[in-house]
file query-v2.txt (compact mmCIF, C-alpha atoms)
# COMPACT_ATOMS: atom_id res chain seq x y z
CA MET A 1 0.00 0.00 0.00
CA VAL A 2 1.47 3.34 -1.02
CA GLY A 3 1.94 5.84 1.79
CA THR A 4 0.39 9.24 2.31
CA THR A 5 -0.25 11.39 -0.76
CA SER A 6 -1.64 14.54 0.84
CA GLY A 7 1.74 16.24 0.64
CA TYR A 8 1.98 16.25 -3.15
CA GLU A 9 -1.51 15.61 -4.54
CA ALA A 10 -2.24 19.33 -4.88
CA ALA A 11 1.06 19.88 -6.71
CA VAL A 12 0.26 17.03 -9.12
CA ASP A 13 -3.21 18.44 -9.85
CA GLN A 14 -1.76 21.88 -10.50
CA PHE A 15 0.92 20.54 -12.84
CA VAL A 16 -1.58 18.39 -14.77
CA THR A 17 -3.83 21.41 -15.22
CA LYS A 18 -0.93 23.45 -16.58
CA MET A 19 0.00 20.72 -19.07
CA ARG A 20 -3.59 20.36 -20.29
CA ARG A 21 -3.81 24.10 -20.88
CA ARG A 22 -0.41 24.08 -22.64
CA GLN A 23 0.91 26.63 -20.13
CA VAL A 24 4.32 24.93 -20.03
CA VAL A 25 6.18 25.46 -23.30
CA GLY A 26 9.30 23.60 -24.40
CA SER A 27 10.76 20.18 -23.73
CA GLN A 28 13.37 21.42 -21.26
CA SER A 29 10.84 23.26 -19.07
CA SER A 30 8.47 20.27 -19.17
CA ALA A 31 11.26 17.84 -18.28
CA LYS A 32 12.55 20.00 -15.43
CA LEU A 33 9.13 20.53 -13.85
CA THR A 34 8.35 16.81 -14.17
CA ALA A 35 11.58 15.83 -12.42
CA GLU A 36 10.93 18.32 -9.62
CA LEU A 37 7.40 16.98 -9.14
CA LEU A 38 8.57 13.36 -9.05
CA ARG A 39 11.27 14.26 -6.52
CA LEU A 40 8.48 15.70 -4.35
CA VAL A 41 6.46 12.48 -4.80
CA VAL A 42 9.40 10.33 -3.71
CA SER A 43 10.21 12.50 -0.70
CA HIS A 44 6.61 12.26 0.61
CA GLN A 45 6.33 8.49 0.36
CA ARG A 46 6.08 6.41 3.54
CA LEU A 47 7.61 3.12 2.52
CA PRO A 48 6.58 -0.27 3.93
CA SER A 49 8.98 -2.56 5.78
CA SER A 50 9.43 -4.68 2.65
CA GLY A 51 9.23 -3.91 -1.04
CA GLN A 52 10.21 -0.26 -0.75
CA ALA A 53 11.28 -0.04 -4.38
CA ALA A 54 7.99 -1.53 -5.57
CA ALA A 55 6.08 1.04 -3.51
CA LEU A 56 8.09 3.91 -4.98
CA ILE A 57 7.64 2.57 -8.52
CA GLU A 58 3.89 2.26 -7.97
CA ALA A 59 3.64 5.85 -6.72
CA VAL A 60 5.79 7.30 -9.53
CA LYS A 61 3.90 5.33 -12.19
CA ALA A 62 0.53 6.51 -10.88
CA VAL A 63 1.61 10.14 -11.09
CA GLY A 64 3.47 9.61 -14.37
CA VAL A 65 0.45 8.20 -16.18
CA ARG A 66 -1.57 11.30 -15.22
CA ILE A 67 1.19 13.64 -16.38
CA ILE A 68 1.61 11.91 -19.74
CA ALA A 69 -2.14 11.84 -20.39
CA ALA A 70 -2.34 15.59 -19.77
CA ASN A 71 -0.10 16.35 -22.78
CA PRO A 72 0.81 13.19 -24.74
CA ILE A 73 2.55 15.09 -27.54
CA GLU A 74 5.22 16.35 -25.11
CA LEU A 75 7.29 13.17 -25.10
CA ALA A 76 9.80 14.62 -22.61
CA LEU A 77 7.21 14.07 -19.85
CA GLY A 78 7.22 10.31 -20.34
CA ASN A 79 10.99 10.30 -20.78
CA ILE A 80 11.57 11.81 -17.35
CA VAL A 81 9.02 9.51 -15.70
CA ARG A 82 10.84 6.50 -17.16
CA ARG A 83 14.24 7.93 -16.17
CA VAL A 84 13.07 8.22 -12.55
CA LEU A 85 11.71 4.67 -12.60
CA HIS A 86 15.06 3.50 -13.95
CA ILE A 87 16.82 5.37 -11.12
CA ILE A 88 14.67 3.61 -8.51
CA ARG A 89 15.43 0.19 -10.00
CA GLU A 90 19.16 0.92 -10.17
CA GLU A 91 19.33 2.17 -6.57
CA ASP A 92 17.37 -0.89 -5.42
CA VAL A 93 19.85 -3.21 -7.14
CA SER A 94 22.77 -1.22 -5.74
CA LEU A 95 21.48 -1.55 -2.16
CA ALA A 96 20.85 -5.24 -2.73
CA SER A 97 24.43 -5.69 -3.92
CA ASP A 98 25.74 -3.97 -0.80
CA SER A 99 23.52 -6.11 1.41
CA ILE A 100 24.62 -9.34 -0.25
CA LEU A 101 28.26 -8.30 0.04
CA ASP A 102 27.81 -7.59 3.75
CA SER A 103 26.02 -10.93 4.20
CA THR A 104 28.87 -12.73 2.46
CA LEU A 105 31.47 -11.06 4.68
CA ASP A 106 29.45 -11.81 7.82
CA SER A 107 28.45 -15.37 6.91
CA ASP A 108 30.84 -16.84 9.50
CA ASP A 109 29.18 -14.90 12.32
CA GLU A 110 25.47 -14.93 11.39
CA ASP A 111 23.02 -17.73 10.73
CA GLU A 112 20.98 -18.11 7.58
CA PHE A 113 17.88 -16.53 9.13
CA GLY A 114 19.78 -13.37 9.94
CA ASN A 115 21.02 -13.02 6.39
CA VAL A 116 17.51 -13.51 4.95
CA ALA A 117 16.05 -10.95 7.35
CA ARG A 118 18.67 -8.43 6.28
CA GLN A 119 17.45 -8.70 2.69
CA SER A 120 13.72 -8.80 3.42
CA ALA A 121 13.26 -5.13 2.55
CA LEU A 122 14.66 -5.70 -0.95
CA SER A 123 12.69 -6.87 -3.93
CA ALA A 124 13.29 -10.36 -5.31
CA VAL A 125 14.28 -8.93 -8.68
CA SER A 126 16.91 -6.63 -7.19
CA VAL A 127 18.35 -9.41 -5.03
CA ALA A 128 18.59 -11.71 -8.04
CA ALA A 129 20.26 -9.01 -10.12
CA ALA A 130 22.65 -8.16 -7.32
CA THR A 131 23.48 -11.84 -6.81
CA ARG A 132 24.38 -12.16 -10.47
CA ASN A 133 26.66 -9.15 -10.17
CA THR A 134 28.28 -10.45 -6.98
CA LEU A 135 28.83 -14.02 -8.16
CA ARG A 136 29.90 -13.28 -11.73
CA ALA A 137 33.19 -14.70 -12.96
CA PRO A 138 36.27 -12.61 -12.07
CA SER A 139 37.79 -10.48 -14.80
CA LEU A 140 40.06 -7.48 -15.03
CA TYR A 141 37.04 -5.26 -15.81
CA ASN A 142 35.15 -6.57 -12.77
CA LEU A 143 38.14 -6.02 -10.52
CA LEU A 144 38.56 -2.44 -11.68
CA GLU A 145 34.80 -1.81 -11.60
CA SER A 146 34.29 -2.66 -7.95
CA VAL A 147 37.25 -2.74 -5.56
CA PRO A 148 36.12 -3.54 -1.98
CA GLY A 149 37.00 -0.97 0.66
CA THR A 150 39.70 -1.79 3.15
CA ALA A 151 37.38 -1.28 6.06
CA ALA A 152 34.96 -3.90 4.80
CA THR A 153 37.44 -6.71 5.36
CA GLN A 154 37.77 -5.80 9.01
CA VAL A 155 34.06 -6.00 9.84
CA ALA A 156 33.22 -8.31 12.70
CA ARG A 157 29.92 -8.67 14.49
CA VAL A 158 29.19 -9.80 17.98
CA PRO A 159 26.24 -12.20 18.31
CA SER A 160 23.38 -10.64 20.31
CA ALA A 161 20.27 -11.86 22.10
CA THR A 162 17.01 -12.65 20.32
CA GLU A 163 15.41 -9.34 21.24
CA SER A 164 18.46 -7.40 20.08
CA GLU A 165 18.46 -9.29 16.78
CA ALA A 166 14.81 -8.39 16.19
CA ARG A 167 15.48 -4.73 16.91
CA SER A 168 18.56 -4.84 14.69
CA ARG A 169 16.57 -6.32 11.81
CA SER A 170 13.88 -3.65 12.22
CA GLY A 171 16.55 -0.96 12.28
CA ASP A 172 18.13 -2.43 9.14
CA ARG A 173 14.80 -2.19 7.33
CA ASN A 174 14.29 1.42 8.39
CA LEU A 175 17.85 2.28 7.40
CA MET A 176 17.36 0.57 4.03
CA SER A 177 14.17 2.57 3.45
CA ARG A 178 15.89 5.85 4.28
CA LYS A 179 18.89 4.95 2.12
CA LEU A 180 16.69 4.14 -0.88
CA LYS A 181 14.74 7.40 -0.68
CA HIS A 182 17.89 9.43 -0.06
CA ASN A 183 19.72 7.85 -3.00
CA VAL A 184 16.76 8.27 -5.35
CA ILE A 185 16.25 11.92 -4.37
CA GLU A 186 19.96 12.57 -4.84
CA ALA A 187 19.91 10.94 -8.29
CA ILE A 188 16.84 12.99 -9.34
CA THR A 189 18.68 16.14 -8.23
CA GLU A 190 21.57 15.12 -10.49
CA LEU A 191 19.05 14.58 -13.29
CA LEU A 192 17.77 18.13 -12.77
CA GLN A 193 21.32 19.45 -13.04
CA GLU A 194 21.75 17.48 -16.26
CA ILE A 195 18.60 19.06 -17.70
CA ASP A 196 19.70 22.55 -16.63
CA ASN A 197 23.14 22.13 -18.21
CA CYS A 198 22.11 20.39 -21.44
CA HIS A 199 22.27 23.55 -23.59
CA SER A 200 25.73 24.52 -22.39
CA GLN A 201 27.08 20.96 -22.67
CA VAL A 202 25.85 20.66 -26.26
CA ALA A 203 27.22 24.12 -27.07
CA GLU A 204 30.68 23.17 -25.78
CA GLN A 205 31.02 20.85 -28.79
CA ALA A 206 30.29 23.58 -31.36
CA LEU A 207 33.92 24.25 -32.30
CA GLU A 208 34.40 20.57 -33.17
CA HIS A 209 31.73 20.75 -35.87
CA ILE A 210 31.59 24.33 -37.21
CA HIS A 211 34.66 25.60 -39.06
CA GLN A 212 35.84 28.89 -40.48
CA ASN A 213 33.81 30.44 -43.34
CA GLU A 214 31.25 27.65 -43.44
CA VAL A 215 27.59 28.17 -44.34
CA ILE A 216 25.09 26.56 -41.98
CA LEU A 217 21.41 26.08 -42.82
CA THR A 218 18.63 25.62 -40.27
CA LEU A 219 14.86 25.92 -39.98
CA GLY A 220 12.72 27.43 -37.26
CA ARG A 221 14.01 28.22 -33.78
CA SER A 222 15.65 26.08 -31.11
CA VAL A 223 17.26 27.26 -27.87
CA THR A 224 19.85 24.47 -28.09
CA LEU A 225 20.69 25.50 -31.65
CA ARG A 226 20.91 29.17 -30.72
CA GLU A 227 23.39 28.50 -27.91
CA PHE A 228 25.36 26.14 -30.18
CA LEU A 229 25.77 28.81 -32.87
CA LYS A 230 26.54 31.56 -30.36
CA GLU A 231 29.31 29.43 -28.83
CA ALA A 232 30.84 28.76 -32.26
CA LYS A 233 30.69 32.49 -33.07
CA LYS A 234 33.19 33.23 -30.28
CA LYS A 235 36.06 31.74 -32.32
CA ARG A 236 34.69 31.12 -35.82
CA SER A 237 33.44 33.32 -38.62
CA PHE A 238 30.57 31.69 -40.52
CA GLN A 239 27.15 32.38 -42.02
CA VAL A 240 23.73 31.01 -41.13
CA VAL A 241 20.87 30.56 -43.60
CA ILE A 242 17.55 30.37 -41.75
CA ALA A 243 14.37 29.01 -43.30
CA GLU A 244 11.58 31.01 -41.69
CA GLY A 245 9.50 28.04 -40.52
CA ALA A 246 6.02 29.01 -41.71
CA PRO A 247 3.33 29.39 -40.51
CA ARG A 248 4.72 30.28 -37.07
CA TYR A 249 7.81 32.00 -38.51
CA GLN A 250 10.06 31.19 -35.57
CA GLY A 251 13.03 31.56 -37.91
CA HIS A 252 12.49 35.31 -37.80
CA MET A 253 13.02 35.29 -34.04
CA LEU A 254 16.16 33.16 -34.33
CA ALA A 255 17.56 35.53 -36.97
CA ARG A 256 17.06 38.50 -34.63
CA GLU A 257 18.73 36.66 -31.72
CA LEU A 258 21.76 35.74 -33.84
CA ALA A 259 22.00 39.25 -35.27
CA ASP A 260 22.28 40.56 -31.71
CA VAL A 261 25.61 38.72 -31.39
CA ASP A 262 26.83 39.96 -34.81
CA LEU A 263 26.37 36.62 -36.55
CA GLN A 264 25.68 37.02 -40.26
CA THR A 265 22.29 35.53 -41.13
CA THR A 266 20.15 35.16 -44.24
CA VAL A 267 16.42 34.47 -43.94
CA ILE A 268 14.75 32.50 -46.74
CA THR A 269 11.30 31.05 -47.33
CA ASP A 270 10.81 27.35 -46.66
CA SER A 271 10.21 26.71 -50.35
CA ALA A 272 13.68 28.12 -51.17
CA VAL A 273 15.54 25.40 -49.26
CA PHE A 274 16.19 23.28 -52.36
CA ALA A 275 17.51 26.34 -54.19
CA MET A 276 19.96 27.17 -51.38
CA ILE A 277 21.06 23.74 -50.19
CA SER A 278 23.84 23.35 -52.79
CA ARG A 279 25.63 26.39 -51.26
CA VAL A 280 25.49 25.00 -47.73
CA ASN A 281 28.21 23.06 -45.89
CA MET A 282 26.02 21.62 -43.15
CA VAL A 283 22.43 21.53 -41.88
CA ILE A 284 22.11 21.85 -38.10
CA VAL A 285 18.67 21.67 -36.48
CA GLY A 286 17.00 21.16 -33.13
CA ALA A 287 14.54 18.38 -32.30
CA HIS A 288 11.33 17.87 -30.38
CA ALA A 289 12.18 14.22 -29.63
CA VAL A 290 14.54 11.44 -30.70
CA MET A 291 12.90 8.04 -31.05
CA ALA A 292 14.45 4.69 -30.15
CA ASN A 293 15.19 3.84 -33.79
CA GLY A 294 17.12 7.08 -34.33
CA GLY A 295 14.23 8.88 -36.04
CA VAL A 296 13.53 12.50 -35.14
CA VAL A 297 10.30 14.31 -34.32
CA ALA A 298 11.08 17.87 -35.42
CA PRO A 299 9.27 21.09 -36.40
CA VAL A 300 7.20 20.79 -39.54
CA GLY A 301 9.22 21.34 -42.71
CA LEU A 302 12.38 19.60 -41.54
CA HIS A 303 11.65 16.38 -43.43
CA MET A 304 11.81 18.43 -46.62
CA VAL A 305 15.13 19.96 -45.49
CA ALA A 306 16.53 16.50 -44.67
CA LEU A 307 15.58 15.21 -48.14
CA ALA A 308 17.26 18.20 -49.76
CA ALA A 309 20.40 17.63 -47.70
CA ARG A 310 20.46 13.96 -48.66
CA ARG A 311 20.04 14.80 -52.34
CA HIS A 312 23.06 17.17 -52.26
CA ALA A 313 25.19 15.10 -49.84
CA VAL A 314 25.07 17.76 -47.11
CA PRO A 315 25.47 16.50 -43.52
CA PHE A 316 22.25 16.71 -41.49
CA VAL A 317 23.08 17.19 -37.80
CA VAL A 318 20.51 17.09 -34.98
CA LEU A 319 21.05 18.75 -31.58
CA ALA A 320 19.14 17.23 -28.66
CA GLY A 321 19.55 16.85 -24.92
CA VAL A 322 19.37 13.34 -23.49
CA HIS A 323 16.01 14.19 -21.89
CA LYS A 324 14.57 14.23 -25.43
CA LEU A 325 15.61 10.63 -26.04
CA CYS A 326 12.41 8.55 -26.12
CA PRO A 327 12.53 4.73 -25.65
CA GLN A 328 9.50 4.22 -27.90
CA TYR A 329 9.31 3.60 -31.63
CA PRO A 330 7.39 5.77 -34.11
CA HIS A 331 5.19 2.87 -35.22
CA ASN A 332 3.91 2.40 -31.65
CA PRO A 333 0.16 3.14 -31.80
CA ASP A 334 0.26 4.55 -28.25
CA THR A 335 2.85 7.18 -29.20
CA LEU A 336 1.43 10.49 -30.38
CA LEU A 337 3.87 12.13 -32.79
CA ASN A 338 1.94 15.14 -34.05
CA ASP A 339 -0.35 17.92 -32.98
CA LEU A 340 -2.70 19.99 -35.14
CA LYS A 341 -2.67 23.75 -34.60
CA SER A 342 -5.37 26.26 -35.41
CA PRO A 343 -6.09 26.85 -39.13
CA SER A 344 -6.10 30.60 -38.38
CA GLU A 345 -2.27 30.48 -38.54
CA ILE A 346 -2.55 29.64 -42.25
CA ILE A 347 -5.61 31.43 -43.66
CA ASP A 348 -7.94 34.31 -42.93
CA PHE A 349 -11.36 32.98 -41.99
CA GLY A 350 -13.00 36.08 -43.44
CA GLU A 351 -11.67 35.51 -46.96
CA PHE A 352 -12.49 31.77 -46.96
CA SER A 353 -15.72 31.86 -44.94
CA ASP A 354 -17.87 30.65 -47.83
CA CYS A 355 -15.81 27.55 -48.70
CA LEU A 356 -14.38 26.22 -45.43
CA ASP A 357 -15.46 22.99 -43.84
CA GLY A 358 -18.56 23.69 -41.73
CA SER A 359 -19.66 26.78 -43.63
CA PRO A 360 -23.22 27.04 -45.09
CA GLY A 361 -21.88 26.60 -48.61
CA GLY A 362 -20.49 23.12 -47.91
CA SER A 363 -17.13 21.57 -47.00
CA ARG A 364 -15.06 22.13 -50.10
CA THR A 365 -11.89 23.30 -48.33
CA HIS A 366 -10.13 21.62 -45.40
CA VAL A 367 -7.20 23.24 -43.59
CA VAL A 368 -4.53 21.11 -41.86
CA ASN A 369 -1.81 22.73 -39.75
CA PRO A 370 0.51 20.07 -38.24
CA SER A 371 3.20 21.00 -35.72
CA PHE A 372 5.82 18.32 -36.42
CA ASP A 373 7.54 16.24 -39.07
CA TYR A 374 9.06 12.81 -38.64
CA VAL A 375 12.59 12.51 -40.05
CA PRO A 376 13.65 8.84 -40.49
CA PRO A 377 17.08 7.81 -39.17
CA GLU A 378 18.56 7.20 -42.62
CA LEU A 379 18.36 10.95 -43.28
CA VAL A 380 20.26 11.89 -40.10
CA SER A 381 24.06 12.10 -40.22
CA LEU A 382 24.84 12.75 -36.54
CA PHE A 383 23.22 13.42 -33.18
CA ILE A 384 24.97 15.85 -30.84
CA THR A 385 23.78 15.41 -27.26
CA ASP A 386 25.06 16.56 -23.89
CA THR A 387 26.97 13.26 -23.69
CA GLY A 388 28.71 13.70 -27.06
CA GLY A 389 28.14 12.87 -30.71
CA HIS A 390 26.37 9.66 -31.74
CA ASN A 391 25.33 8.00 -34.96
CA PRO A 392 21.62 7.15 -35.36
CA SER A 393 22.52 3.45 -35.15
CA TYR A 394 23.87 4.02 -31.61
CA VAL A 395 20.63 5.43 -30.18
CA TYR A 396 19.43 2.01 -29.04
CA ARG A 397 22.49 1.79 -26.76
CA LEU A 398 21.61 5.12 -25.18
CA VAL A 399 18.06 3.90 -24.63
CA ALA A 400 19.36 0.80 -22.84
CA GLU A 401 21.59 2.99 -20.67
CA TYR A 402 18.94 5.43 -19.49
CA TYR A 403 15.74 3.34 -19.39
CA SER A 404 14.54 -0.04 -18.11
CA PRO A 405 12.61 -2.30 -20.52
CA GLU A 406 9.91 -2.80 -17.87
CA ASP A 407 9.03 0.90 -18.12
CA TYR A 408 8.78 1.33 -21.90
CA VAL A 409 4.99 0.92 -21.60
CA LEU A 410 3.52 2.57 -18.49

call {"tool": "encode", "arguments": {"input": "query-v2.txt", "output": "structure tokens"}}
result
Amino acid sequence: MVGTTSGYEAAVDQFVTKMRRRQVVGSQSSAKLTAELLRLVVSHQRLPSSGQAAALIEAVKAVGVRIIAANPIELALGNIVRRVLHIIREEDVSLASDSILDSTLDSDDEDEFGNVARQSALSAVSVAAATRNTLRAPSLYNLLESVPGTAATQVARVPSATESEARSRSGDRNLMSRKLKHNVIEAITELLQEIDNCHSQVAEQALEHIHQNEVILTLGRSVTLREFLKEAKKKRSFQVVIAEGAPRYQGHMLARELADVDLQTTVITDSAVFAMISRVNMVIVGAHAVMANGGVVAPVGLHMVALAARRHAVPFVVLAGVHKLCPQYPHNPDTLLNDLKSPSEIIDFGEFSDCLDGSPGGSRTHVVNPSFDYVPPELVSLFITDTGGHNPSYVYRLVAEYYSPEDYVL
């Protein structure tokens, strides 16, 4: 049974309301607020004497499902929920490994019942995983990976009375519960720092990819891209061609921001990309999400840019923080990859009032205004994340590093 929820239920309701009303804009802001909320959820949990990790996972999943349902197109929400679940599972396995190591060292002084009681607060899965790690065959990598502390070899326990053993076992469970929550909260805090620093860490790699007198083409506006170009401008002289990104024209805003730092920019219409691509050295764009197969969910119009780059053998580089890495595949029917905006961004209702769908004259004209494109992995040359550069074929390894298979479907 999950512990008290009164401490965070109001915060969850408020956050869900904000997401439904689209009051939180951007993947980074959504990811950061989600991590902060889940840290609050973990800190308010009263864990049972056994199965603490399962209780935390249940609580985080319950909140995560509500958050994702509030705005399913913002894939960063689900990514952070799954990252936190992965953190809980990892910390549970880590504590189980420590417990099994202690039990092994103390096996000469404690009976079998004492060792089992020590591990009663741990889940069966974590104990099994920790046992595999502890009993695996010795190798140079294993020896370097985990060198036992010198103090551990000097541990010796004095047998106590039955009542003292019971109190000791109860204290061990309480200590294990506090350790698990503390470790999870600490790891979520590190995750928040990772999200905060993602733009700067991606930008630090700019000089490795942008060279003197190059011409860079992009579309729309991305904060990660803006910081990347501004960092390269400190030591490189280059030009940026910006497709305006109709109908929201966010390219105009990016052009103004780059002009403020004296970076030479040229704004073109989206339809002029094919005409300009042969003069370009590299295409660098931001992303809304990176799927498990290496495909990219990006602002509408970027699939066209990627095809033009492929046709003229121009590298197509995608900038994305790790929090945008999604462990799901684009063909998953439960994954929402697009969002339709208001037709008013495209046409004037007054001029087309007699021929639009729903008008008295009939439904001769339909207006569709999608937000995103899907760019398949074969059109992507390189991903630049806060952990470095990766080929699209390497994305599945990143997914395995940051997520647990049990949490792909919540």

call {"tool": "atom_distance", "arguments": {"input": "query-v2.txt", "atom1": "CA of Ala309 in chain A", "atom2": "CA of Phe228 in chain A"}}
result
20.1 Å

call {"tool": "closest_residue", "arguments": {"input": "query-v2.txt", "among": "A:Lys18, A:Lys234, A:His331, A:His211", "to": "Ala70 in chain A", "atoms": "only C-alpha atoms"}}
result
A:Lys18

call {"tool": "residues_around", "arguments": {"input": "query-v2.txt", "residues": "range 396-398 of chain A", "least_positions_apart": "4", "cutoff": "7 Å", "atoms": "all atoms listed in the file", "output": "ChimeraX atom specification"}}
result
/A:292-293,402

call {"tool": "residues_around", "arguments": {"input": "query-v2.txt", "residues": "Ser344 in chain A", "least_positions_apart": "5", "cutoff": "12 Å", "atoms": "only C-alpha atoms", "output": "list in words"}}
result
Pro247, Arg248, Phe349, Gly350, Glu351, Phe352, Ser353, Leu356, Val367, Val368 and Asn369 of chain A

call {"tool": "residues_around", "arguments": {"input": "query-v2.txt", "residues": "range 302-308 of chain A", "least_positions_apart": "5", "cutoff": "7 Å", "atoms": "all atoms listed in the file", "output": "PDB file with C-alpha atoms, keeping the file's coordinate frame"}}
result
ATOM      1  CA  LEU A 219      14.860  25.920 -39.980  1.00  0.00           C
ATOM      2  CA  VAL A 273      15.540  25.400 -49.260  1.00  0.00           C
ATOM      3  CA  PHE A 274      16.190  23.280 -52.360  1.00  0.00           C
ATOM      4  CA  ILE A 277      21.060  23.740 -50.190  1.00  0.00           C
ATOM      5  CA  PHE A 316      22.250  16.710 -41.490  1.00  0.00           C
ATOM      6  CA  ASP A 373       7.540  16.240 -39.070  1.00  0.00           C
ATOM      7  CA  TYR A 374       9.060  12.810 -38.640  1.00  0.00           C
ATOM      8  CA  VAL A 375      12.590  12.510 -40.050  1.00  0.00           C
ATOM      9  CA  LEU A 379      18.360  10.950 -43.280  1.00  0.00           C
TER      10      LEU A 379
END

call {"tool": "atom_distance", "arguments": {"input": "query-v2.txt", "atom1": "CA of Asn332 in chain A", "atom2": "CA of Leu382 in chain A"}}
result
23.9 Å

call {"tool": "closest_residue", "arguments": {"input": "query-v2.txt", "among": "A:Asn71, A:Gln201, A:Ser222, A:Gln14", "to": "Thr335 in chain A", "atoms": "all atoms listed in the file"}}
result
A:Asn71

call {"tool": "closest_residue", "arguments": {"input": "query-v2.txt", "among": "A:Arg226, A:His288, A:Arg83, A:Arg310", "to": "Val202 in chain A", "atoms": "only C-alpha atoms"}}
result
A:Arg226

call {"tool": "atom_distance", "arguments": {"input": "query-v2.txt", "atom1": "CA of Glu227 in chain A", "atom2": "CA of Gln23 in chain A"}}
result
23.9 Å
